[in-house]
Amino acid sequence: MSTNPYPQPSADEVDLVEVLRALADPVRLRIVVRLAGNEYHPCGTEDDGLEIHKSTLSHHFKTLREAGITSTLVRGRNHGVKLRRDELESRFPGVLDSIVAAAVGAACTAHVAVSPARPT
């Protein structure tokens, strides 16, 4: 039996402060919003629409995983990342949904605020 090359804390070891610290970064928050569908997503900058280097993206995935927010699935050469939504909801009810909803709302507000003005 092989060990997981991407260890993560057990659900009871997940610390709220570490979760919030990981989500305080705008790039990681954007990643979590994109993962909100609760299914595995491929690890890649082109899939996330992020304009960052692969090594930087790997760092963000590692931070999210070590905080207990995501899990990583390895199938051959392919890697997938998924939110640990059920475990986080059980440990901290409503926190993840509230953060994702606030981030989506803030993104919509920011998008509207920077939209070009219509000609009069």
# chains A, B, ... in the order shown; residues from 1 in each chain; ligands from 1

call {"tool": "select_by_dssp", "arguments": {"residues": "range 44-93 of chain A", "states": "strand (DSSP E or B)", "output": "compact mmCIF listing (two decimals) with N, CA, C and O atoms, in the first residue's frame"}}
result
# COMPACT_ATOMS: atom_id res chain seq x y z
N THR A 70 -8.29 21.54 1.29
CA THR A 70 -8.40 20.73 0.08
C THR A 70 -7.76 19.36 0.27
O THR A 70 -6.97 19.15 1.20
N SER A 71 -8.08 18.46 -0.63
CA SER A 71 -7.39 17.18 -0.72
C SER A 71 -6.90 17.04 -2.15
O SER A 71 -7.49 17.62 -3.08
N THR A 72 -5.84 16.29 -2.34
CA THR A 72 -5.25 16.08 -3.65
C THR A 72 -5.34 14.62 -4.02
O THR A 72 -4.98 13.76 -3.22
N LEU A 73 -5.83 14.35 -5.21
CA LEU A 73 -5.95 12.99 -5.73
C LEU A 73 -4.93 12.83 -6.84
O LEU A 73 -4.84 13.68 -7.73
N VAL A 74 -4.17 11.74 -6.78
CA VAL A 74 -3.16 11.46 -7.80
C VAL A 74 -3.58 10.19 -8.54
O VAL A 74 -3.80 9.15 -7.92
N ARG A 75 -3.69 10.33 -9.86
CA ARG A 75 -3.96 9.18 -10.73
C ARG A 75 -2.93 9.20 -11.84
O ARG A 75 -3.05 9.99 -12.79
N ASN A 78 -1.66 12.52 -13.45
CA ASN A 78 -2.68 13.55 -13.28
C ASN A 78 -2.97 13.80 -11.80
O ASN A 78 -3.06 12.85 -11.02
N HIS A 79 -3.11 15.06 -11.47
CA HIS A 79 -3.43 15.47 -10.11
C HIS A 79 -4.74 16.25 -10.12
O HIS A 79 -4.96 17.06 -11.02
N GLY A 80 -5.55 16.00 -9.12
CA GLY A 80 -6.79 16.74 -8.98
C GLY A 80 -6.91 17.29 -7.57
O GLY A 80 -6.40 16.70 -6.62
N VAL A 81 -7.58 18.41 -7.44
CA VAL A 81 -7.76 19.06 -6.14
C VAL A 81 -9.25 19.22 -5.89
O VAL A 81 -10.01 19.56 -6.81
N LYS A 82 -9.66 18.98 -4.65
CA LYS A 82 -11.07 19.08 -4.27
C LYS A 82 -11.17 19.71 -2.88
O LYS A 82 -10.32 19.47 -2.03
N LEU A 83 -12.21 20.50 -2.69
CA LEU A 83 -12.47 21.04 -1.35
C LEU A 83 -12.88 19.90 -0.43
O LEU A 83 -13.59 18.98 -0.85

call {"tool": "residues_around", "arguments": {"residues": "Lys62 in chain A", "least_positions_apart": "2", "cutoff": "12 Å", "atoms": "only C-alpha atoms", "output": "mmCIF file with all heavy atoms, in the first residue's frame"}}
result
data_model
loop_
_atom_site.group_PDB
_atom_site.id
_atom_site.type_symbol
_atom_site.label_atom_id
_atom_site.label_comp_id
_atom_site.auth_asym_id
_atom_site.auth_seq_id
_atom_site.Cartn_x
_atom_site.Cartn_y
_atom_site.Cartn_z
ATOM 1 N N PRO A 5 1.357 10.953 -1.237
ATOM 2 C CA PRO A 5 2.474 11.896 -1.363
ATOM 3 C C PRO A 5 2.071 13.316 -0.957
ATOM 4 O O PRO A 5 2.919 14.184 -0.843
ATOM 5 C CB PRO A 5 2.839 11.828 -2.843
ATOM 6 C CG PRO A 5 1.582 11.385 -3.516
ATOM 7 C CD PRO A 5 0.862 10.514 -2.531
ATOM 8 N N TYR A 6 0.781 13.525 -0.742
ATOM 9 C CA TYR A 6 0.274 14.846 -0.362
ATOM 10 C C TYR A 6 -0.525 14.738 0.934
ATOM 11 O O TYR A 6 -1.749 14.715 0.918
ATOM 12 C CB TYR A 6 -0.594 15.426 -1.482
ATOM 13 C CG TYR A 6 0.166 15.578 -2.776
ATOM 14 C CD1 TYR A 6 -0.023 14.696 -3.820
ATOM 15 C CD2 TYR A 6 1.099 16.599 -2.921
ATOM 16 C CE1 TYR A 6 0.692 14.838 -5.005
ATOM 17 C CE2 TYR A 6 1.809 16.733 -4.101
ATOM 18 C CZ TYR A 6 1.604 15.855 -5.124
ATOM 19 O OH TYR A 6 2.308 15.992 -6.286
ATOM 20 N N PRO A 7 0.172 14.643 2.072
ATOM 21 C CA PRO A 7 -0.542 14.480 3.340
ATOM 22 C C PRO A 7 -1.372 15.709 3.691
ATOM 23 O O PRO A 7 -1.071 16.829 3.279
ATOM 24 C CB PRO A 7 0.586 14.276 4.357
ATOM 25 C CG PRO A 7 1.787 14.886 3.727
ATOM 26 C CD PRO A 7 1.604 14.741 2.239
ATOM 27 N N GLN A 8 -2.424 15.447 4.430
ATOM 28 C CA GLN A 8 -3.314 16.510 4.880
ATOM 29 C C GLN A 8 -3.707 16.196 6.318
ATOM 30 O O GLN A 8 -3.674 15.045 6.726
ATOM 31 C CB GLN A 8 -4.545 16.583 3.988
ATOM 32 C CG GLN A 8 -5.375 15.313 4.038
ATOM 33 C CD GLN A 8 -6.428 15.244 2.953
ATOM 34 O OE1 GLN A 8 -6.274 15.814 1.891
ATOM 35 N NE2 GLN A 8 -7.497 14.528 3.224
ATOM 36 N N PRO A 9 -4.072 17.207 7.081
ATOM 37 C CA PRO A 9 -4.487 16.934 8.459
ATOM 38 C C PRO A 9 -5.818 16.191 8.483
ATOM 39 O O PRO A 9 -6.635 16.330 7.567
ATOM 40 C CB PRO A 9 -4.618 18.327 9.083
ATOM 41 C CG PRO A 9 -4.839 19.246 7.930
ATOM 42 C CD PRO A 9 -4.133 18.630 6.758
ATOM 43 N N ALA A 22 -5.009 30.697 5.511
ATOM 44 C CA ALA A 22 -4.830 30.236 4.129
ATOM 45 C C ALA A 22 -5.764 30.978 3.179
ATOM 46 O O ALA A 22 -5.381 31.324 2.062
ATOM 47 C CB ALA A 22 -5.073 28.732 4.044
ATOM 48 N N ARG A 28 -5.426 32.263 -3.271
ATOM 49 C CA ARG A 28 -5.976 31.041 -2.684
ATOM 50 C C ARG A 28 -7.494 31.147 -2.534
ATOM 51 O O ARG A 28 -8.211 30.165 -2.753
ATOM 52 C CB ARG A 28 -5.303 30.736 -1.353
ATOM 53 C CG ARG A 28 -3.864 30.281 -1.534
ATOM 54 C CD ARG A 28 -3.290 29.693 -0.284
ATOM 55 N NE ARG A 28 -2.993 30.675 0.731
ATOM 56 C CZ ARG A 28 -1.828 31.282 0.889
ATOM 57 N NH1 ARG A 28 -0.824 31.027 0.065
ATOM 58 N NH2 ARG A 28 -1.647 32.146 1.864
ATOM 59 N N CYS A 43 -5.131 20.220 -11.587
ATOM 60 C CA CYS A 43 -4.203 21.255 -11.121
ATOM 61 C C CYS A 43 -3.554 21.886 -12.338
ATOM 62 O O CYS A 43 -2.789 21.237 -13.035
ATOM 63 C CB CYS A 43 -3.111 20.653 -10.240
ATOM 64 S SG CYS A 43 -3.714 19.839 -8.779
ATOM 65 N N SER A 55 5.004 26.891 -10.237
ATOM 66 C CA SER A 55 5.589 26.700 -8.912
ATOM 67 C C SER A 55 4.835 27.503 -7.851
ATOM 68 O O SER A 55 4.637 27.042 -6.730
ATOM 69 C CB SER A 55 7.069 27.084 -8.911
ATOM 70 O OG SER A 55 7.231 28.443 -9.285
ATOM 71 N N THR A 56 4.371 28.685 -8.220
ATOM 72 C CA THR A 56 3.590 29.505 -7.295
ATOM 73 C C THR A 56 2.236 28.859 -7.042
ATOM 74 O O THR A 56 1.758 28.816 -5.901
ATOM 75 C CB THR A 56 3.414 30.932 -7.848
ATOM 76 O OG1 THR A 56 4.702 31.476 -8.120
ATOM 77 C CG2 THR A 56 2.671 31.817 -6.881
ATOM 78 N N LEU A 57 1.620 28.336 -8.091
ATOM 79 C CA LEU A 57 0.341 27.650 -7.939
ATOM 80 C C LEU A 57 0.503 26.427 -7.039
ATOM 81 O O LEU A 57 -0.335 26.177 -6.168
ATOM 82 C CB LEU A 57 -0.218 27.253 -9.303
ATOM 83 C CG LEU A 57 -1.603 26.615 -9.292
ATOM 84 C CD1 LEU A 57 -2.640 27.585 -8.719
ATOM 85 C CD2 LEU A 57 -1.989 26.199 -10.698
ATOM 86 N N SER A 58 1.585 25.686 -7.216
ATOM 87 C CA SER A 58 1.854 24.522 -6.365
ATOM 88 C C SER A 58 1.962 24.929 -4.898
ATOM 89 O O SER A 58 1.462 24.237 -4.013
ATOM 90 C CB SER A 58 3.146 23.826 -6.789
ATOM 91 O OG SER A 58 2.993 23.247 -8.055
ATOM 92 N N HIS A 59 2.616 26.062 -4.650
ATOM 93 C CA HIS A 59 2.725 26.571 -3.281
ATOM 94 C C HIS A 59 1.336 26.865 -2.698
ATOM 95 O O HIS A 59 1.040 26.525 -1.551
ATOM 96 C CB HIS A 59 3.590 27.835 -3.248
ATOM 97 C CG HIS A 59 3.490 28.581 -1.970
ATOM 98 N ND1 HIS A 59 4.096 28.149 -0.806
ATOM 99 C CD2 HIS A 59 2.823 29.718 -1.649
ATOM 100 C CE1 HIS A 59 3.802 29.003 0.169
ATOM 101 N NE2 HIS A 59 3.039 29.954 -0.323
ATOM 102 N N HIS A 60 0.473 27.482 -3.495
ATOM 103 C CA HIS A 60 -0.876 27.797 -3.016
ATOM 104 C C HIS A 60 -1.674 26.524 -2.752
ATOM 105 O O HIS A 60 -2.373 26.427 -1.733
ATOM 106 C CB HIS A 60 -1.610 28.691 -4.018
ATOM 107 C CG HIS A 60 -1.094 30.087 -4.060
ATOM 108 N ND1 HIS A 60 -1.012 30.899 -2.952
ATOM 109 C CD2 HIS A 60 -0.622 30.832 -5.096
ATOM 110 C CE1 HIS A 60 -0.527 32.074 -3.293
ATOM 111 N NE2 HIS A 60 -0.271 32.059 -4.589
ATOM 112 N N LEU A 64 -3.207 25.366 0.938
ATOM 113 C CA LEU A 64 -4.612 24.995 1.132
ATOM 114 C C LEU A 64 -4.742 23.578 1.675
ATOM 115 O O LEU A 64 -5.550 23.318 2.575
ATOM 116 C CB LEU A 64 -5.380 25.131 -0.187
ATOM 117 C CG LEU A 64 -5.592 26.557 -0.695
ATOM 118 C CD1 LEU A 64 -6.124 26.540 -2.124
ATOM 119 C CD2 LEU A 64 -6.521 27.330 0.229
ATOM 120 N N ARG A 65 -3.939 22.665 1.157
ATOM 121 C CA ARG A 65 -3.989 21.274 1.609
ATOM 122 C C ARG A 65 -3.526 21.150 3.051
ATOM 123 O O ARG A 65 -4.173 20.489 3.871
ATOM 124 C CB ARG A 65 -3.130 20.396 0.693
ATOM 125 C CG ARG A 65 -3.257 18.907 0.985
ATOM 126 C CD ARG A 65 -2.334 18.067 0.126
ATOM 127 N NE ARG A 65 -0.940 18.311 0.487
ATOM 128 C CZ ARG A 65 -0.068 18.976 -0.260
ATOM 129 N NH1 ARG A 65 -0.421 19.482 -1.419
ATOM 130 N NH2 ARG A 65 1.167 19.143 0.139
ATOM 131 N N GLU A 66 -2.417 21.799 3.393
ATOM 132 C CA GLU A 66 -1.884 21.704 4.748
ATOM 133 C C GLU A 66 -2.784 22.379 5.782
ATOM 134 O O GLU A 66 -2.755 22.024 6.954
ATOM 135 C CB GLU A 66 -0.471 22.271 4.807
ATOM 136 C CG GLU A 66 0.522 21.372 4.086
ATOM 137 C CD GLU A 66 1.937 21.925 4.078
ATOM 138 O OE1 GLU A 66 2.141 23.116 4.407
ATOM 139 O OE2 GLU A 66 2.851 21.144 3.724
ATOM 140 N N ALA A 67 -3.601 23.339 5.344
ATOM 141 C CA ALA A 67 -4.566 23.970 6.243
ATOM 142 C C ALA A 67 -5.802 23.099 6.414
ATOM 143 O O ALA A 67 -6.644 23.375 7.268
ATOM 144 C CB ALA A 67 -4.955 25.351 5.712
ATOM 145 N N GLY A 68 -5.935 22.054 5.589
ATOM 146 C CA GLY A 68 -7.073 21.152 5.681
ATOM 147 C C GLY A 68 -8.248 21.547 4.818
ATOM 148 O O GLY A 68 -9.339 21.001 4.952
ATOM 149 N N ILE A 69 -8.045 22.476 3.906
ATOM 150 C CA ILE A 69 -9.129 22.978 3.066
ATOM 151 C C ILE A 69 -9.359 22.095 1.846
ATOM 152 O O ILE A 69 -10.494 21.922 1.400
ATOM 153 C CB ILE A 69 -8.840 24.430 2.636
ATOM 154 C CG1 ILE A 69 -8.732 25.312 3.879
ATOM 155 C CG2 ILE A 69 -9.891 24.950 1.670
ATOM 156 C CD1 ILE A 69 -8.180 26.692 3.613
ATOM 157 N N THR A 70 -8.291 21.539 1.288
ATOM 158 C CA THR A 70 -8.399 20.728 0.081
ATOM 159 C C THR A 70 -7.756 19.363 0.275
ATOM 160 O O THR A 70 -6.975 19.148 1.199
ATOM 161 C CB THR A 70 -7.719 21.407 -1.128
ATOM 162 O OG1 THR A 70 -6.319 21.549 -0.849
ATOM 163 C CG2 THR A 70 -8.341 22.748 -1.438
ATOM 164 N N SER A 71 -8.079 18.462 -0.630
ATOM 165 C CA SER A 71 -7.389 17.176 -0.722
ATOM 166 C C SER A 71 -6.902 17.044 -2.153
ATOM 167 O O SER A 71 -7.489 17.617 -3.079
ATOM 168 C CB SER A 71 -8.310 16.022 -0.345
ATOM 169 O OG SER A 71 -9.376 15.914 -1.249
ATOM 170 N N THR A 72 -5.838 16.289 -2.335
ATOM 171 C CA THR A 72 -5.254 16.084 -3.654
ATOM 172 C C THR A 72 -5.342 14.615 -4.016
ATOM 173 O O THR A 72 -4.981 13.755 -3.222
ATOM 174 C CB THR A 72 -3.782 16.545 -3.682
ATOM 175 O OG1 THR A 72 -3.723 17.922 -3.305
ATOM 176 C CG2 THR A 72 -3.159 16.377 -5.055
ATOM 177 N N VAL A 81 -7.579 18.413 -7.436
ATOM 178 C CA VAL A 81 -7.763 19.058 -6.135
ATOM 179 C C VAL A 81 -9.253 19.223 -5.890
ATOM 180 O O VAL A 81 -10.012 19.562 -6.806
ATOM 181 C CB VAL A 81 -7.062 20.440 -6.099
ATOM 182 C CG1 VAL A 81 -7.285 21.125 -4.766
ATOM 183 C CG2 VAL A 81 -5.587 20.296 -6.365
#

call {"tool": "residues_around", "arguments": {"residues": "range 91-98 of chain A", "least_positions_apart": "4", "cutoff": "10 Å", "atoms": "only C-alpha atoms", "output": "list in words"}}
result
Ala11, Asp12, Glu13, Val14, Asp15, Leu16, Val19, Leu20, Leu23, Val32, Val33, Ala36, Ile69, Leu83, Arg84, Arg85, Asp86, Glu87, Ala102, Ala103 and Val104 of chain A

call {"tool": "write_last_selection", "arguments": {"atoms": "all heavy atoms", "output": "short mmCIF file (atom, residue, chain, number, x, y, z; two decimals), in the first residue's frame"}}
result
data_model
loop_
_atom_site.label_atom_id
_atom_site.label_comp_id
_atom_site.auth_asym_id
_atom_site.auth_seq_id
_atom_site.Cartn_x
_atom_site.Cartn_y
_atom_site.Cartn_z
N ALA A 11 -9.61 15.53 9.84
CA ALA A 11 -10.67 16.53 10.04
C ALA A 11 -10.61 17.14 11.43
O ALA A 11 -10.82 18.35 11.60
CB ALA A 11 -12.03 15.90 9.79
N ASP A 12 -10.32 16.34 12.45
CA ASP A 12 -10.29 16.88 13.81
C ASP A 12 -9.03 17.69 14.11
O ASP A 12 -8.97 18.37 15.12
CB ASP A 12 -10.51 15.79 14.85
CG ASP A 12 -9.45 14.71 14.80
OD1 ASP A 12 -8.90 14.46 13.72
OD2 ASP A 12 -9.19 14.09 15.85
N GLU A 13 -8.04 17.63 13.24
CA GLU A 13 -6.81 18.42 13.41
C GLU A 13 -6.87 19.77 12.69
O GLU A 13 -5.99 20.60 12.88
CB GLU A 13 -5.60 17.65 12.87
CG GLU A 13 -5.27 16.40 13.63
CD GLU A 13 -4.14 15.62 12.98
OE1 GLU A 13 -4.07 15.59 11.73
OE2 GLU A 13 -3.34 15.04 13.73
N VAL A 14 -7.88 19.98 11.87
CA VAL A 14 -7.99 21.23 11.13
C VAL A 14 -8.27 22.36 12.11
O VAL A 14 -9.18 22.29 12.93
CB VAL A 14 -9.10 21.14 10.04
CG1 VAL A 14 -9.28 22.47 9.34
CG2 VAL A 14 -8.77 20.05 9.04
N ASP A 15 -7.47 23.42 12.00
CA ASP A 15 -7.55 24.56 12.91
C ASP A 15 -8.18 25.75 12.18
O ASP A 15 -7.76 26.08 11.07
CB ASP A 15 -6.14 24.91 13.38
CG ASP A 15 -6.11 26.08 14.32
OD1 ASP A 15 -6.78 26.03 15.36
OD2 ASP A 15 -5.41 27.06 14.00
N LEU A 16 -9.16 26.37 12.80
CA LEU A 16 -9.87 27.49 12.18
C LEU A 16 -8.92 28.64 11.82
O LEU A 16 -9.04 29.23 10.75
CB LEU A 16 -10.99 27.99 13.08
CG LEU A 16 -11.82 29.15 12.52
CD1 LEU A 16 -12.50 28.75 11.22
CD2 LEU A 16 -12.85 29.61 13.54
N VAL A 19 -7.12 27.76 8.66
CA VAL A 19 -8.04 27.85 7.52
C VAL A 19 -8.19 29.31 7.10
O VAL A 19 -8.06 29.65 5.92
CB VAL A 19 -9.42 27.24 7.87
CG1 VAL A 19 -10.45 27.57 6.80
CG2 VAL A 19 -9.30 25.73 8.04
N LEU A 20 -8.45 30.17 8.06
CA LEU A 20 -8.64 31.59 7.75
C LEU A 20 -7.35 32.23 7.23
O LEU A 20 -7.39 33.05 6.32
CB LEU A 20 -9.15 32.34 8.98
CG LEU A 20 -10.54 31.91 9.47
CD1 LEU A 20 -10.89 32.61 10.77
CD2 LEU A 20 -11.59 32.15 8.41
N LEU A 23 -6.98 31.25 3.63
CA LEU A 23 -7.96 31.92 2.77
C LEU A 23 -7.77 33.43 2.72
O LEU A 23 -8.45 34.11 1.94
CB LEU A 23 -9.38 31.58 3.24
CG LEU A 23 -9.76 30.12 3.08
CD1 LEU A 23 -11.14 29.87 3.67
CD2 LEU A 23 -9.72 29.71 1.62
N VAL A 32 -10.26 28.60 -4.15
CA VAL A 32 -11.34 27.96 -3.38
C VAL A 32 -12.70 28.26 -4.00
O VAL A 32 -13.56 27.37 -4.09
CB VAL A 32 -11.28 28.39 -1.90
CG1 VAL A 32 -12.54 28.00 -1.15
CG2 VAL A 32 -10.05 27.76 -1.24
N VAL A 33 -12.91 29.47 -4.46
CA VAL A 33 -14.17 29.81 -5.13
C VAL A 33 -14.35 28.93 -6.36
O VAL A 33 -15.44 28.42 -6.63
CB VAL A 33 -14.23 31.31 -5.47
CG1 VAL A 33 -15.37 31.62 -6.42
CG2 VAL A 33 -14.33 32.14 -4.21
N ALA A 36 -15.48 25.37 -5.51
CA ALA A 36 -16.69 25.29 -4.70
C ALA A 36 -17.69 24.25 -5.19
O ALA A 36 -18.58 23.87 -4.45
CB ALA A 36 -17.35 26.67 -4.61
N ILE A 69 -8.05 22.48 3.91
CA ILE A 69 -9.13 22.98 3.07
C ILE A 69 -9.36 22.09 1.85
O ILE A 69 -10.49 21.92 1.40
CB ILE A 69 -8.84 24.43 2.64
CG1 ILE A 69 -8.73 25.31 3.88
CG2 ILE A 69 -9.89 24.95 1.67
CD1 ILE A 69 -8.18 26.69 3.61
N LEU A 83 -12.21 20.50 -2.69
CA LEU A 83 -12.47 21.04 -1.35
C LEU A 83 -12.88 19.90 -0.43
O LEU A 83 -13.59 18.98 -0.85
CB LEU A 83 -13.60 22.06 -1.38
CG LEU A 83 -13.31 23.43 -1.95
CD1 LEU A 83 -14.56 24.31 -1.84
CD2 LEU A 83 -12.17 24.09 -1.23
N ARG A 84 -12.49 20.00 0.81
CA ARG A 84 -12.95 19.04 1.82
C ARG A 84 -14.21 19.63 2.46
O ARG A 84 -14.32 19.80 3.67
CB ARG A 84 -11.84 18.82 2.84
CG ARG A 84 -10.62 18.15 2.25
CD ARG A 84 -9.48 18.08 3.22
NE ARG A 84 -9.80 17.22 4.36
CZ ARG A 84 -9.01 17.09 5.41
NH1 ARG A 84 -7.87 17.75 5.48
NH2 ARG A 84 -9.36 16.31 6.41
N ARG A 85 -15.17 19.92 1.63
CA ARG A 85 -16.37 20.65 2.03
C ARG A 85 -17.11 19.97 3.18
O ARG A 85 -17.45 20.62 4.17
CB ARG A 85 -17.31 20.82 0.84
CG ARG A 85 -18.57 21.58 1.17
CD ARG A 85 -19.44 21.76 -0.05
NE ARG A 85 -18.91 22.75 -0.96
CZ ARG A 85 -18.98 24.07 -0.77
NH1 ARG A 85 -19.52 24.55 0.31
NH2 ARG A 85 -18.50 24.89 -1.67
N ASP A 86 -17.40 18.69 3.07
CA ASP A 86 -18.17 18.01 4.11
C ASP A 86 -17.44 18.01 5.45
O ASP A 86 -18.05 18.25 6.49
CB ASP A 86 -18.48 16.57 3.69
CG ASP A 86 -19.41 16.51 2.48
OD1 ASP A 86 -20.13 17.50 2.22
OD2 ASP A 86 -19.41 15.46 1.79
N GLU A 87 -16.14 17.77 5.41
CA GLU A 87 -15.35 17.77 6.65
C GLU A 87 -15.29 19.16 7.27
O GLU A 87 -15.41 19.32 8.48
CB GLU A 87 -13.94 17.25 6.37
CG GLU A 87 -13.93 15.80 5.95
CD GLU A 87 -12.61 15.39 5.35
OE1 GLU A 87 -12.40 15.69 4.15
OE2 GLU A 87 -11.80 14.81 6.09
N ALA A 102 -19.16 35.46 0.27
CA ALA A 102 -18.63 36.82 0.41
C ALA A 102 -17.63 37.12 -0.69
O ALA A 102 -17.61 38.23 -1.24
CB ALA A 102 -17.99 36.99 1.78
N ALA A 103 -16.79 36.14 -1.04
CA ALA A 103 -15.80 36.35 -2.09
C ALA A 103 -16.47 36.55 -3.44
O ALA A 103 -16.06 37.42 -4.22
CB ALA A 103 -14.84 35.17 -2.15
N VAL A 104 -17.50 35.77 -3.73
CA VAL A 104 -18.22 35.91 -4.99
C VAL A 104 -18.92 37.26 -5.02
O VAL A 104 -18.88 37.97 -6.03
CB VAL A 104 -19.23 34.76 -5.18
CG1 VAL A 104 -20.17 35.03 -6.33
CG2 VAL A 104 -18.49 33.45 -5.39
#

call {"tool": "atom_distance", "arguments": {"atom1": "CA of Ser90 in chain A", "atom2": "CA of Ala106 in chain A"}}
result
25.6 Å

call {"tool": "select_by_dssp", "arguments": {"residues": "chain A", "states": "alpha helix (DSSP H)", "output": "number ranges by chain"}}
result
A: 16-23, 26-34, 45-48, 54-66, 85-91, 95-113
